[in-house]
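S.K.: Structure supplied as final.tsv; contents: TSV, C-alpha atoms.
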```
chain	number	residue	atom	x	y	z
A	1	MET	CA	71.46	164.50	-39.22
A	2	VAL	CA	72.96	163.91	-42.66
A	3	TRP	CA	70.65	165.44	-45.22
A	4	LEU	CA	70.63	163.93	-48.69
A	5	LEU	CA	69.78	165.72	-51.93
A	6	ARG	CA	67.88	164.15	-54.77
A	7	PRO	CA	70.20	163.24	-57.67
A	8	ASP	CA	68.63	165.83	-59.99
A	9	ALA	CA	69.27	168.58	-57.42
A	10	LEU	CA	72.96	167.73	-57.44
A	11	ALA	CA	73.38	168.17	-61.21
A	12	ALA	CA	74.67	171.75	-60.92
A	13	PHE	CA	77.50	170.57	-58.68
A	14	GLU	CA	78.89	168.49	-61.54
A	15	ASN	CA	79.55	171.67	-63.53
A	16	GLU	CA	83.31	172.20	-63.39
A	17	GLU	CA	83.11	175.98	-63.06
A	18	ILE	CA	80.60	175.80	-60.20
A	19	ALA	CA	82.40	172.94	-58.43
A	20	SER	CA	85.77	174.72	-58.52
A	21	THR	CA	84.35	178.07	-57.39
A	22	LEU	CA	82.06	176.92	-54.55
A	23	PRO	CA	83.83	173.85	-53.11
A	24	ARG	CA	83.16	174.46	-49.43
A	25	TYR	CA	79.53	175.46	-49.92
A	26	ILE	CA	78.99	172.25	-51.88
A	27	SER	CA	80.72	170.26	-49.12
A	28	VAL	CA	78.37	171.76	-46.52
A	29	VAL	CA	75.31	171.03	-48.68
A	30	ARG	CA	76.43	167.41	-48.97
A	31	GLY	CA	76.95	167.11	-45.22
A	32	ARG	CA	80.73	166.67	-45.48
A	33	SER	CA	81.65	169.94	-43.76
A	34	LEU	CA	80.07	171.88	-40.94
A	35	PRO	CA	78.38	175.18	-41.78
A	36	LEU	CA	80.29	178.19	-40.55
A	37	PHE	CA	77.76	179.05	-37.84
A	38	ARG	CA	78.40	175.61	-36.27
A	39	LEU	CA	82.12	176.28	-36.23
A	40	ALA	CA	81.48	179.68	-34.64
A	41	GLN	CA	79.35	177.92	-32.02
A	42	ASN	CA	82.29	175.71	-31.04
A	43	ILE	CA	85.09	178.26	-30.91
A	44	PHE	CA	85.55	180.08	-27.61
A	45	VAL	CA	87.12	183.41	-26.80
A	46	ASP	CA	87.96	185.41	-23.71
A	47	VAL	CA	86.08	188.69	-24.11
A	48	GLY	CA	87.99	190.69	-21.53
A	49	LYS	CA	87.63	194.46	-21.82
A	50	ASP	CA	87.51	194.64	-25.62
A	51	PRO	CA	84.81	192.45	-27.21
A	52	TRP	CA	85.70	193.55	-30.74
A	53	ARG	CA	89.33	192.52	-30.26
A	54	ALA	CA	88.09	189.18	-28.93
A	55	HIS	CA	85.92	188.89	-32.01
A	56	GLU	CA	88.95	189.38	-34.26
A	57	GLU	CA	90.76	186.61	-32.40
A	58	GLY	CA	87.72	184.37	-32.80
A	59	LEU	CA	87.69	185.02	-36.54
A	60	ARG	CA	91.38	184.09	-36.77
A	61	LYS	CA	90.67	180.80	-35.00
A	62	LEU	CA	87.66	180.12	-37.19
A	63	SER	CA	89.64	180.90	-40.33
A	64	ARG	CA	92.16	178.22	-39.36
A	65	CYS	CA	89.32	175.78	-38.70
A	66	ILE	CA	88.08	176.04	-42.28
A	67	THR	CA	91.24	174.37	-43.57
A	68	GLU	CA	92.28	172.27	-40.57
A	69	GLU	CA	90.62	169.24	-39.03
A	70	ASN	CA	90.07	168.73	-35.29
A	71	CYS	CA	90.55	172.44	-34.65
A	72	LEU	CA	87.50	173.11	-32.48
A	73	ASP	CA	88.01	174.08	-28.85
A	74	ARG	CA	87.73	171.08	-26.55
A	75	GLU	CA	87.34	173.23	-23.44
A	76	GLU	CA	84.75	175.96	-23.17
A	77	LYS	CA	86.84	178.87	-21.93
A	78	GLY	CA	85.10	182.23	-22.22
A	79	ILE	CA	82.10	182.42	-24.55
A	80	SER	CA	81.51	181.03	-28.01
A	81	LEU	CA	82.24	183.17	-31.03
A	82	LEU	CA	78.56	182.89	-31.97
A	83	ASP	CA	77.48	184.15	-28.54
A	84	LEU	CA	79.93	187.03	-28.86
A	85	LYS	CA	78.52	187.88	-32.27
A	86	ILE	CA	75.02	187.92	-30.75
A	87	LYS	CA	76.18	190.26	-28.00
A	88	LEU	CA	77.87	192.62	-30.45
A	89	ALA	CA	74.89	192.56	-32.83
A	90	ARG	CA	72.56	193.58	-30.02
A	91	SER	CA	74.87	196.46	-29.16
A	92	LEU	CA	74.73	197.60	-32.79
A	93	ALA	CA	70.92	197.29	-32.80
A	94	LYS	CA	70.55	199.23	-29.55
A	95	GLU	CA	71.91	202.37	-31.24
A	96	CYS	CA	71.33	201.07	-34.70
A	97	LYS	CA	74.48	200.76	-36.77
A	98	LEU	CA	73.52	197.57	-38.58
A	99	CYS	CA	73.52	199.27	-41.97
A	100	GLU	CA	75.46	202.22	-43.35
A	101	TRP	CA	72.62	204.65	-42.60
A	102	LYS	CA	73.58	204.29	-38.91
A	103	CYS	CA	70.31	205.82	-37.74
A	104	GLY	CA	71.16	205.42	-34.06
A	105	VAL	CA	67.64	204.38	-33.05
A	106	ASN	CA	67.07	201.68	-30.42
A	107	ARG	CA	65.96	198.73	-32.51
A	108	LEU	CA	65.70	196.56	-29.38
A	109	ARG	CA	62.79	198.76	-28.30
A	110	GLY	CA	61.18	198.84	-31.71
A	111	GLU	CA	62.28	202.36	-32.66
A	112	MET	CA	62.06	203.10	-36.38
A	113	GLY	CA	64.93	204.22	-38.61
A	114	VAL	CA	65.28	204.60	-42.39
A	115	CYS	CA	64.31	200.96	-42.99
A	116	ARG	CA	61.16	201.44	-40.85
A	117	VAL	CA	61.65	197.94	-39.45
A	118	THR	CA	60.53	197.86	-35.82
A	119	GLY	CA	61.00	194.11	-35.48
A	120	PRO	CA	61.49	191.11	-37.74
A	121	ARG	CA	58.49	190.15	-39.85
A	122	ILE	CA	58.41	187.34	-42.38
A	123	ALA	CA	56.49	188.00	-45.59
A	124	SER	CA	56.95	184.41	-46.82
A	125	SER	CA	59.14	181.34	-46.44
A	126	PHE	CA	59.24	178.52	-48.95
A	127	ILE	CA	61.48	176.33	-51.06
A	128	HIS	CA	62.42	178.46	-54.05
A	129	MET	CA	63.02	176.60	-57.30
A	130	GLY	CA	64.01	179.64	-59.36
A	131	GLU	CA	67.34	180.68	-57.86
A	132	GLU	CA	70.75	180.06	-59.43
A	133	PRO	CA	71.45	176.35	-60.12
A	134	PRO	CA	73.87	175.76	-57.19
A	135	ILE	CA	71.39	177.37	-54.79
A	136	THR	CA	68.12	175.75	-55.93
A	137	PRO	CA	66.15	174.26	-54.17
A	138	SER	CA	66.61	177.10	-51.72
A	139	GLY	CA	64.95	177.64	-48.35
A	140	THR	CA	64.11	181.30	-48.82
A	141	ILE	CA	62.99	183.47	-45.92
A	142	PHE	CA	61.68	186.86	-47.07
A	143	PHE	CA	61.99	189.61	-44.46
A	144	SER	CA	59.75	192.66	-44.71
A	145	GLY	CA	61.22	196.14	-44.97
A	146	CYS	CA	64.35	197.51	-46.61
A	147	ASN	CA	66.93	200.25	-46.16
A	148	PHE	CA	66.70	201.00	-49.92
A	149	LYS	CA	63.86	202.67	-51.80
A	150	CYS	CA	64.41	201.31	-55.30
A	151	VAL	CA	61.86	202.82	-57.66
A	152	PHE	CA	61.83	199.66	-59.81
A	153	CYS	CA	61.67	197.10	-56.96
A	154	GLN	CA	59.90	193.90	-58.00
A	155	ASN	CA	59.26	193.04	-54.34
A	156	TRP	CA	58.04	196.51	-53.42
A	157	ASP	CA	54.97	195.13	-51.64
A	158	ILE	CA	57.21	193.71	-48.91
A	159	SER	CA	60.35	195.87	-49.21
A	160	GLN	CA	58.45	199.15	-48.85
A	161	ASN	CA	55.91	197.81	-46.37
A	162	PRO	CA	57.71	196.85	-43.15
A	163	LEU	CA	54.39	195.68	-41.67
A	164	ALA	CA	53.88	193.03	-44.35
A	165	GLY	CA	53.84	189.45	-43.15
A	166	THR	CA	53.96	187.95	-39.67
A	167	PRO	CA	56.09	189.00	-36.68
A	168	VAL	CA	58.69	186.43	-35.66
A	169	ASP	CA	61.19	186.04	-32.84
A	170	GLU	CA	64.37	183.98	-32.74
A	171	ASN	CA	62.50	180.82	-31.72
A	172	GLY	CA	60.05	181.08	-34.59
A	173	LEU	CA	62.83	181.90	-37.03
A	174	ALA	CA	64.86	178.89	-35.90
A	175	SER	CA	61.85	176.61	-36.32
A	176	MET	CA	61.27	178.03	-39.80
A	177	MET	CA	64.87	177.32	-40.81
A	178	ASP	CA	64.71	173.75	-39.52
A	179	ARG	CA	61.40	173.10	-41.28
A	180	LEU	CA	62.70	174.31	-44.65
A	181	ARG	CA	65.80	172.14	-44.35
A	182	ARG	CA	63.74	169.07	-43.46
A	183	GLU	CA	61.42	169.72	-46.39
A	184	GLY	CA	64.30	169.57	-48.88
A	185	ALA	CA	66.04	172.96	-48.98
A	186	ARG	CA	69.77	172.73	-49.67
A	187	ASN	CA	70.39	176.00	-47.81
A	188	ILE	CA	68.74	178.79	-45.82
A	189	ASN	CA	68.54	181.86	-48.04
A	190	LEU	CA	68.01	185.09	-46.09
A	191	VAL	CA	66.46	187.71	-48.34
A	192	GLY	CA	63.78	190.40	-48.44
A	193	GLY	CA	63.16	193.20	-48.58
A	194	GLU	CA	66.52	193.13	-46.86
A	195	PRO	CA	67.79	190.86	-44.06
A	196	THR	CA	70.31	193.37	-42.64
A	197	PRO	CA	67.96	195.08	-40.12
A	198	ASN	CA	67.40	191.65	-38.52
A	199	ILE	CA	71.00	190.48	-38.05
A	200	HIS	CA	70.74	190.47	-34.26
A	201	VAL	CA	67.70	188.15	-34.36
A	202	ILE	CA	69.11	185.95	-37.15
A	203	LEU	CA	72.24	185.24	-35.09
A	204	LYS	CA	70.17	184.32	-32.04
A	205	ALA	CA	68.07	181.97	-34.18
A	206	LEU	CA	71.18	180.18	-35.44
A	207	LYS	CA	72.07	179.31	-31.87
A	208	LEU	CA	68.72	177.51	-31.54
A	209	VAL	CA	68.49	175.51	-34.78
A	210	GLU	CA	68.78	171.74	-34.74
A	211	GLU	CA	69.68	171.13	-38.38
A	212	ASP	CA	72.91	171.89	-40.20
A	213	PHE	CA	72.69	173.96	-43.40
A	214	PRO	CA	74.70	176.56	-45.29
A	215	ILE	CA	73.62	180.19	-44.86
A	216	VAL	CA	73.11	182.23	-48.05
A	217	TRP	CA	73.20	186.01	-47.50
A	218	ASN	CA	70.98	187.49	-50.25
A	219	SER	CA	71.48	191.20	-49.70
A	220	ASN	CA	71.99	194.68	-51.10
A	221	MET	CA	75.30	194.65	-49.13
A	222	TYR	CA	74.75	198.06	-47.54
A	223	MET	CA	75.71	196.75	-44.11
A	224	SER	CA	77.91	198.79	-41.82
A	225	LYS	CA	81.52	197.67	-41.56
A	226	GLU	CA	80.82	196.34	-38.07
A	227	ALA	CA	77.78	194.34	-39.16
A	228	THR	CA	79.73	192.89	-42.08
A	229	LYS	CA	82.38	191.68	-39.63
A	230	LEU	CA	79.67	189.90	-37.63
A	231	LEU	CA	78.54	188.05	-40.74
A	232	LEU	CA	82.07	186.78	-41.43
A	233	GLY	CA	82.22	183.22	-40.18
A	234	ILE	CA	78.43	182.88	-40.44
A	235	VAL	CA	77.67	183.22	-44.16
A	236	ASP	CA	78.67	180.19	-46.25
A	237	LEU	CA	77.68	181.70	-49.60
A	238	TRP	CA	77.34	185.40	-50.34
A	239	LEU	CA	74.63	186.33	-52.86
A	240	PRO	CA	74.94	190.12	-53.14
A	241	ASP	CA	73.30	192.56	-55.52
A	242	PHE	CA	75.69	195.00	-57.17
A	243	LYS	CA	73.26	197.45	-58.71
A	244	TYR	CA	75.13	200.62	-59.61
A	245	TRP	CA	78.54	202.03	-60.32
A	246	SER	CA	77.39	205.63	-60.74
A	247	TYR	CA	76.75	207.51	-57.49
A	248	GLU	CA	74.11	209.55	-59.30
A	249	CYS	CA	72.20	206.45	-60.42
A	250	ALA	CA	72.22	205.04	-56.89
A	251	ARG	CA	70.82	208.27	-55.47
A	252	ARG	CA	68.24	208.72	-58.23
A	253	TYR	CA	66.80	205.19	-58.29
A	254	SER	CA	67.40	203.91	-54.74
A	255	GLY	CA	67.94	207.03	-52.63
A	256	ILE	CA	71.33	205.74	-51.45
A	257	PRO	CA	74.43	207.85	-50.72
A	258	ARG	CA	77.99	206.49	-51.08
A	259	TYR	CA	76.60	203.31	-52.64
A	260	ARG	CA	79.70	202.19	-54.54
A	261	ASP	CA	82.06	202.89	-51.64
A	262	VAL	CA	80.04	200.86	-49.16
A	263	VAL	CA	79.20	197.92	-51.40
A	264	THR	CA	82.71	197.45	-52.79
A	265	ARG	CA	84.15	197.65	-49.25
A	266	ASN	CA	81.76	194.96	-48.04
A	267	LEU	CA	82.30	192.75	-51.07
A	268	LEU	CA	86.04	192.83	-50.49
A	269	MET	CA	85.60	192.06	-46.78
A	270	ALA	CA	83.30	189.13	-47.54
A	271	HIS	CA	85.59	187.76	-50.23
A	272	SER	CA	88.77	188.10	-48.17
A	273	PHE	CA	87.51	185.95	-45.28
A	274	PRO	CA	87.70	182.24	-46.13
A	275	PRO	CA	86.11	180.60	-47.92
A	276	GLY	CA	84.94	183.87	-49.57
A	277	GLU	CA	82.58	182.03	-51.90
A	278	MET	CA	80.24	184.35	-53.74
A	279	ILE	CA	77.76	184.80	-56.58
A	280	VAL	CA	77.37	188.48	-57.45
A	281	ARG	CA	74.08	189.43	-59.08
A	282	HIS	CA	73.93	192.39	-61.42
A	283	LEU	CA	70.59	193.45	-62.88
A	284	VAL	CA	71.19	195.22	-66.19
A	285	LEU	CA	69.11	198.40	-66.28
A	286	PRO	CA	67.91	199.90	-69.57
A	287	GLY	CA	70.25	202.64	-70.73
A	288	HIS	CA	72.81	201.84	-68.01
A	289	VAL	CA	75.23	199.45	-69.69
A	290	ASN	CA	78.00	202.06	-69.97
A	291	CYS	CA	77.53	203.93	-66.70
A	292	CYS	CA	76.92	200.92	-64.45
A	293	THR	CA	77.14	197.45	-66.01
A	294	LYS	CA	80.55	197.68	-67.68
A	295	PRO	CA	82.35	199.42	-64.77
A	296	ILE	CA	80.90	196.89	-62.31
A	297	LEU	CA	81.99	193.91	-64.40
A	298	LYS	CA	85.44	195.43	-64.88
A	299	TRP	CA	85.82	196.01	-61.12
A	300	ILE	CA	84.87	192.40	-60.44
A	301	SER	CA	87.42	191.19	-63.00
A	302	LEU	CA	90.15	193.22	-61.28
A	303	ARG	CA	89.31	192.75	-57.59
A	304	ILE	CA	87.37	189.48	-57.18
A	305	PRO	CA	87.83	187.62	-60.47
A	306	ASP	CA	87.42	184.12	-59.04
A	307	ILE	CA	83.74	184.51	-58.08
A	308	LEU	CA	80.61	183.65	-60.09
A	309	VAL	CA	78.58	186.44	-61.68
A	310	ASN	CA	74.91	186.36	-62.60
A	311	ILE	CA	74.25	189.00	-65.27
A	312	MET	CA	70.47	189.32	-64.98
A	313	ASN	CA	68.32	190.21	-67.97
A	314	GLN	CA	64.90	190.15	-66.32
A	315	TYR	CA	64.46	193.85	-65.58
A	316	ARG	CA	60.92	195.07	-66.02
A	317	PRO	CA	59.50	198.48	-65.04
A	318	GLU	CA	57.74	197.74	-61.74
A	319	TYR	CA	56.57	199.88	-58.82
A	320	MET	CA	57.31	203.55	-59.61
A	321	ALA	CA	59.53	203.06	-62.68
A	322	SER	CA	56.89	204.67	-64.90
A	323	LYS	CA	57.85	208.02	-63.32
A	324	TYR	CA	61.35	207.67	-64.77
A	325	PRO	CA	61.05	207.60	-68.58
A	326	GLU	CA	64.62	206.40	-69.13
A	327	ILE	CA	63.97	203.10	-67.28
A	328	ASN	CA	60.29	202.72	-68.14
A	329	ARG	CA	60.97	199.89	-70.59
A	330	GLY	CA	62.50	196.45	-70.71
A	331	ILE	CA	66.09	195.59	-71.59
A	332	SER	CA	66.80	195.44	-75.32
A	333	ARG	CA	68.45	192.45	-76.93
A	334	ASP	CA	71.38	194.65	-77.97
A	335	GLU	CA	71.94	195.87	-74.40
A	336	ILE	CA	72.05	192.44	-72.82
A	337	SER	CA	74.18	191.06	-75.65
A	338	GLU	CA	76.66	193.88	-75.10
A	339	ALA	CA	76.84	193.06	-71.39
A	340	TYR	CA	77.43	189.37	-72.14
A	341	ARG	CA	80.14	190.13	-74.68
A	342	PHE	CA	81.93	192.41	-72.24
A	343	ALA	CA	81.82	189.73	-69.52
A	344	ASP	CA	83.37	187.25	-71.95
A	345	GLU	CA	86.10	189.71	-72.88
A	346	LEU	CA	86.93	190.10	-69.18
A	347	GLY	CA	87.00	186.33	-68.66
A	348	LEU	CA	84.31	186.37	-65.96
A	349	LYS	CA	82.59	183.20	-64.75
A	350	TRP	CA	78.99	183.86	-65.68
A	351	ARG	CA	77.74	181.37	-68.25
A	352	SER	CA	77.28	178.43	-65.85
A	353	ILE	CA	74.70	180.23	-63.71
A	354	SER	CA	72.98	182.74	-66.01
```
Render the structure in this file as structure tokens.
M.R.:
Amino acid sequence: MVWLLRPDALAAFENEEIASTLPRYISVVRGRSLPLFRLAQNIFVDVGKDPWRAHEEGLRKLSRCITEENCLDREEKGISLLDLKIKLARSLAKECKLCEWKCGVNRLRGEMGVCRVTGPRIASSFIHMGEEPPITPSGTIFFSGCNFKCVFCQNWDISQNPLAGTPVDENGLASMMDRLRREGARNINLVGGEPTPNIHVILKALKLVEEDFPIVWNSNMYMSKEATKLLLGIVDLWLPDFKYWSYECARRYSGIPRYRDVVTRNLLMAHSFPPGEMIVRHLVLPGHVNCCTKPILKWISLRIPDILVNIMNQYRPEYMASKYPEINRGISRDEISEAYRFADELGLKWRSIS
């Protein structure tokens, strides 16, 4: 079906900076282009002896389809790229390598790794009116559990409690996605907690949905390289957090090793696969403008300068932040002003969505 937005919901798309940066996402929202998961469902590959090589070939075909018309396979030879992604995701979940922790537990049998997620649970699903302008109204699905342990997490009640919410399988998840779209969501926004531990179920759900909608991947971007590849050709709009530049800060406040290496690798992978449309979120932490904010913004300006950036000023000391005196306060006006000035000096696209 062709889904129509209310005129007021379309206002953000008239902004020149947003329209020029997110053209394909906007086209999918307006029903003029197919979402990537639909393209992946209609591209077929011969798996042979090397499913990952077949996946690479499928991605090449899908990449051509984004810019060419009438490119979908007319004959179903082999299996669809989406089915292959499902197969590969299940193999990653069986000896879990979905995120960079690579715990090796059998997620298909409910074994528990660092994220403590034994199976997908939904803490809430609703149409969110407080996301960035091009995303709102957003069909948000909040997964319980997370592979991070951020001491200042504002959603700690679901991120640090993998048993929060209601268990769901691929059929229930597909129904949830369709319902949100029919109720007026312009996208399906997968968030948490963290959606990464549930990639294998999310992909299966996308095979079952009836509606067309863009997929927004709202994530800490700590996926494994293999899992990131599976999301290429599925995610229409990337909405990653880029929290830290300093390795020490990432370990101290989120318990994460090699944070910068993993996140920058995945951001570059996501951006390099067309259409590569992205809004990077950076939450400015008190006392961390020099060690984290400025290096992150500079890296973006050098490596992915054509994306949108949301420099977030809403930090507040939640959860266990009171145990860390240096972040047990809000952001000062001087700190956020300094971050904004630096973004302007770098020529980043941030004012239209902040």
S.K.: I need the residue nearest Tyr259 in chain A from this list: A:Trp156, A:Trp101, A:Phe143, A:Phe342. Use all atoms listed in the file for the distance.
M.R.: A:Trp101
S.K.: With a distance cut-off of 10 Å and all atoms listed in the file, select the neighbouring residues of Ser63 in chain A, excluding the residue or stretch itself and same-chain residues fewer than 6 positions from it, and output the selection as a PDB file with C-alpha atoms, keeping the file's coordinate frame.
M.R.:
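Ended up saving to result.pdb:
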```pdb
ATOM      1  CA  LEU A  36      80.290 178.190 -40.550  1.00  0.00           C
ATOM      2  CA  LEU A  39      82.120 176.280 -36.230  1.00  0.00           C
ATOM      3  CA  GLU A  57      90.760 186.610 -32.400  1.00  0.00           C
ATOM      4  CA  LEU A 232      82.070 186.780 -41.430  1.00  0.00           C
ATOM      5  CA  GLY A 233      82.220 183.220 -40.180  1.00  0.00           C
ATOM      6  CA  PHE A 273      87.510 185.950 -45.280  1.00  0.00           C
ATOM      7  CA  PRO A 274      87.700 182.240 -46.130  1.00  0.00           C
ATOM      8  CA  PRO A 275      86.110 180.600 -47.920  1.00  0.00           C
TER       9      PRO A 275
END
```
S.K.: Given the choices A:Ser352, A:Ser27, A:Ser124, A:Asn290, which gets closest to Asn187 in chain A if the distance is worked out from only C-alpha atoms?
M.R.: A:Ser27
S.K.: Can you measure CA of Ala89 in chain A to CA of Lys204 in chain A for me? One decimal in Å is fine.
M.R.: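 Answer for the CA of Ala89 in chain A to CA of Lys204 in chain A separation: 9.5 Å.
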S.K.: Please provide as a ChimeraX atom specification all residues within 10 Å of range 54-56 of chain A, with the sequence filter that same-chain residues fewer than 4 positions apart are discarded (counting only C-alpha atoms).
M.R.: /A:44-50,60-62,80-82,84-85,88,229-230
S.K.: Kindly extract all protein, DNA and RNA residues lying within 9 Å of the coordinates (64.6, 183.5, -49.0) given in the file, considering only C-alpha atoms, and supply them as an mmCIF file with C-alpha atoms, in the coordinates of the input.
M.R.:
```
data_model
loop_
_atom_site.group_PDB
_atom_site.id
_atom_site.type_symbol
_atom_site.label_atom_id
_atom_site.label_comp_id
_atom_site.auth_asym_id
_atom_site.auth_seq_id
_atom_site.Cartn_x
_atom_site.Cartn_y
_atom_site.Cartn_z
ATOM 1 C CA SER A 124 56.950 184.410 -46.820
ATOM 2 C CA SER A 125 59.140 181.340 -46.440
ATOM 3 C CA PHE A 126 59.240 178.520 -48.950
ATOM 4 C CA ILE A 127 61.480 176.330 -51.060
ATOM 5 C CA HIS A 128 62.420 178.460 -54.050
ATOM 6 C CA SER A 138 66.610 177.100 -51.720
ATOM 7 C CA GLY A 139 64.950 177.640 -48.350
ATOM 8 C CA THR A 140 64.110 181.300 -48.820
ATOM 9 C CA ILE A 141 62.990 183.470 -45.920
ATOM 10 C CA PHE A 142 61.680 186.860 -47.070
ATOM 11 C CA PHE A 143 61.990 189.610 -44.460
ATOM 12 C CA ILE A 188 68.740 178.790 -45.820
ATOM 13 C CA ASN A 189 68.540 181.860 -48.040
ATOM 14 C CA LEU A 190 68.010 185.090 -46.090
ATOM 15 C CA VAL A 191 66.460 187.710 -48.340
ATOM 16 C CA GLY A 192 63.780 190.400 -48.440
ATOM 17 C CA VAL A 216 73.110 182.230 -48.050
ATOM 18 C CA ASN A 218 70.980 187.490 -50.250
#
```
S.K.: Point out the residue among A:Tyr319, A:Val289, A:Lys243, A:Glu226 with the least atom-to-atom distance to Asp334 in chain A, counting all atoms listed in the file.
M.R.: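 The answer is A:Val289, which sits nearest to Asp334 in chain A.
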S.K.: Can you work out which one of A:Asn266, A:Asn198, A:Ser33, A:Asn310 has the shortest atom-to-atom distance to Ala93 in chain A, counting all atoms listed in the file?
M.R.: A:Asn198
